[in-house]
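Here's the structure, in structure tokens; my notes come after.
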Amino acid sequence: EAQVTQNPRYLITVTGKKLTVTCSQNMNHEYMSWYRQDPGLGLRQIYYSMNVEVTDKGDVPEGYKVSRKEKRNFPLILESPSPNQTSLYFCASNPAGSASYGYTFGSGTRLTVV
Amino acid sequence: GDSVTQMEGPVTLSEEAFLTINCTYTATGYPSLFWYVQYPGEGLQLLLKATKADDKGSNKGFEATYRKETTSFHLEKGSVQVSDSAVYFCALSVDNNNDMRFGAGTRLTVKP
């Protein structure tokens with residue numbers, strides 16, 4: 001089944017403790033992206049990647065890092081999480097240059113930073 | 001910049017009522033337009049899309065028409081069901097690049 005898999009689904013952590021949210025897709029998509037979803041703000045893009053070793057900032061990159069060492073994986077790294085990063089996070093993928101097909105989304109990761 | 005604005009919710013309807021969720025857009029180039037649906041506890045799923053003016057996207061009884069003259073892409077359904085309760089997002093992508101811009105989302109609750 002074609003899918004984007006995120007882990008974990010739920011995570012509670014403390015301020016300053018480094019964490020990684022994994023994202024993997026099995027569709028051989030070149031493009032991958034991370035979003036955060038907050039009430040009243042919709043989805044805001046954090047980082048995206050056009051292909052292996054090619055990443056770029058989205059609208060709200062502060063406090064986040066990403067890497068794209070393999071085509072299928074696009075982990076989101078919070079080096080020193082803070083409470084304002086409490087949010088619902090989504091990973092998405094798409095064939096390169098084919099936004100008209102729409103994105104495929106993961107099921108989300110609900111992160112709470114205390 | 002490129003953006004979409006959709007009606008604020010929440011929207012509460014009785015089963016079999018008519019649904020409209022308004023969406024308007026601003027685009028610097030030529031946009032493709034989308035509606036996504038998010039059911040409770042799940043990720044977003046593509047509901048329908050339209051890639052050129054006057055196109056009508058449709059799926060699961062939902063429809064939306066790409067109106068260039070009014071820069072709109074309103075979502076409609078003639079008779080909603082309880083199972084349609086979800087958050088609906090309007091989105092656009094300009095010139096077929098990979099950047100997708102989302103609206104704030106509209107929560108729909110359908111009561112029996």
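Letters for chains follow the order of the structure tokens (A, B, ...), residue numbers begin at 1 for each chain, and ligand numbers begin at 1 in the order shown.
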
Extract, using only C-alpha atoms, all DNA, RNA and protein residues at most 10 Å from Leu92 in chain B, discarding same-chain residues fewer than 5 positions from it, and format them as a PyMOL selection string. (chain A and resi 99-100+102) or (chain B and resi 2-4+25-27+30-35+49-51+73+99-103)

Output the contact residues of chain A with respect to chain B at a cut-off of 7 Å, based on only C-alpha atoms, as a PyMOL selection string. chain A and resi 40-43+96-100+102+105-108

Figure out the distance between CA of Lys57 in chain A and CA of Ile12 in chain A, please, to one decimal in Å.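 Atom-to-atom, CA of Ile12 in chain A and CA of Lys57 in chain A are spaced 25.3 Å apart.
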
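All residues of protein, DNA or RNA that reach within 6 Å of range 52-65 of chain B, judged by only C-alpha atoms and not counting those fewer than 6 positions away in the chain, are Phe73, His74, Leu75, Glu76 and Lys77 of chain B.
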
Keeping N, CA and C atoms for every residue in the selection just given, could you write it to a file as an mmCIF file, in the first residue's frame?
data_model
loop_
_atom_site.group_PDB
_atom_site.id
_atom_site.type_symbol
_atom_site.label_atom_id
_atom_site.label_comp_id
_atom_site.auth_asym_id
_atom_site.auth_seq_id
_atom_site.Cartn_x
_atom_site.Cartn_y
_atom_site.Cartn_z
ATOM 1 N N PHE B 73 -13.236 28.796 -5.143
ATOM 2 C CA PHE B 73 -13.286 27.328 -5.298
ATOM 3 C C PHE B 73 -14.121 26.795 -4.134
ATOM 4 N N HIS B 74 -15.390 27.125 -4.110
ATOM 5 C CA HIS B 74 -16.258 26.781 -2.996
ATOM 6 C C HIS B 74 -16.623 25.302 -3.014
ATOM 7 N N LEU B 75 -16.610 24.703 -1.847
ATOM 8 C CA LEU B 75 -16.957 23.284 -1.705
ATOM 9 C C LEU B 75 -18.444 23.149 -1.413
ATOM 10 N N GLU B 76 -19.107 22.223 -2.116
ATOM 11 C CA GLU B 76 -20.543 22.017 -1.920
ATOM 12 C C GLU B 76 -20.865 20.530 -1.863
ATOM 13 N N LYS B 77 -21.933 20.239 -1.098
ATOM 14 C CA LYS B 77 -22.497 18.896 -1.102
ATOM 15 C C LYS B 77 -23.989 19.030 -0.870
#

Near Lys69 in chain A, within 10 Å and counting only C-alpha atoms, which residues show up once chain neighbours fewer than 4 positions away are dropped, as an mmCIF file with N, CA, C and O atoms, in the first residue's frame?
data_model
loop_
_atom_site.group_PDB
_atom_site.id
_atom_site.type_symbol
_atom_site.label_atom_id
_atom_site.label_comp_id
_atom_site.auth_asym_id
_atom_site.auth_seq_id
_atom_site.Cartn_x
_atom_site.Cartn_y
_atom_site.Cartn_z
ATOM 1 N N ASN A 51 14.809 16.572 -3.186
ATOM 2 C CA ASN A 51 15.424 15.286 -3.506
ATOM 3 C C ASN A 51 16.509 14.996 -2.473
ATOM 4 O O ASN A 51 16.729 15.795 -1.540
ATOM 5 N N VAL A 52 17.206 13.890 -2.626
ATOM 6 C CA VAL A 52 18.253 13.509 -1.680
ATOM 7 C C VAL A 52 19.288 14.623 -1.567
ATOM 8 O O VAL A 52 19.719 15.185 -2.580
ATOM 9 N N GLU A 53 19.631 14.969 -0.315
ATOM 10 C CA GLU A 53 20.626 15.992 0.004
ATOM 11 C C GLU A 53 20.199 17.402 -0.415
ATOM 12 O O GLU A 53 21.026 18.318 -0.388
ATOM 13 N N VAL A 54 18.934 17.599 -0.759
ATOM 14 C CA VAL A 54 18.439 18.930 -1.123
ATOM 15 C C VAL A 54 17.291 19.290 -0.189
ATOM 16 O O VAL A 54 16.190 18.711 -0.285
ATOM 17 N N ASN A 73 13.317 8.605 3.291
ATOM 18 C CA ASN A 73 13.244 9.077 4.673
ATOM 19 C C ASN A 73 13.495 10.577 4.791
ATOM 20 O O ASN A 73 14.407 11.117 4.131
ATOM 21 N N PHE A 74 12.752 11.198 5.675
ATOM 22 C CA PHE A 74 12.876 12.657 5.865
ATOM 23 C C PHE A 74 12.582 12.965 7.332
ATOM 24 O O PHE A 74 11.503 13.447 7.673
ATOM 25 N N PRO A 75 13.521 12.712 8.224
ATOM 26 C CA PRO A 75 13.272 12.939 9.649
ATOM 27 C C PRO A 75 13.259 14.414 10.026
ATOM 28 O O PRO A 75 13.984 15.234 9.441
#
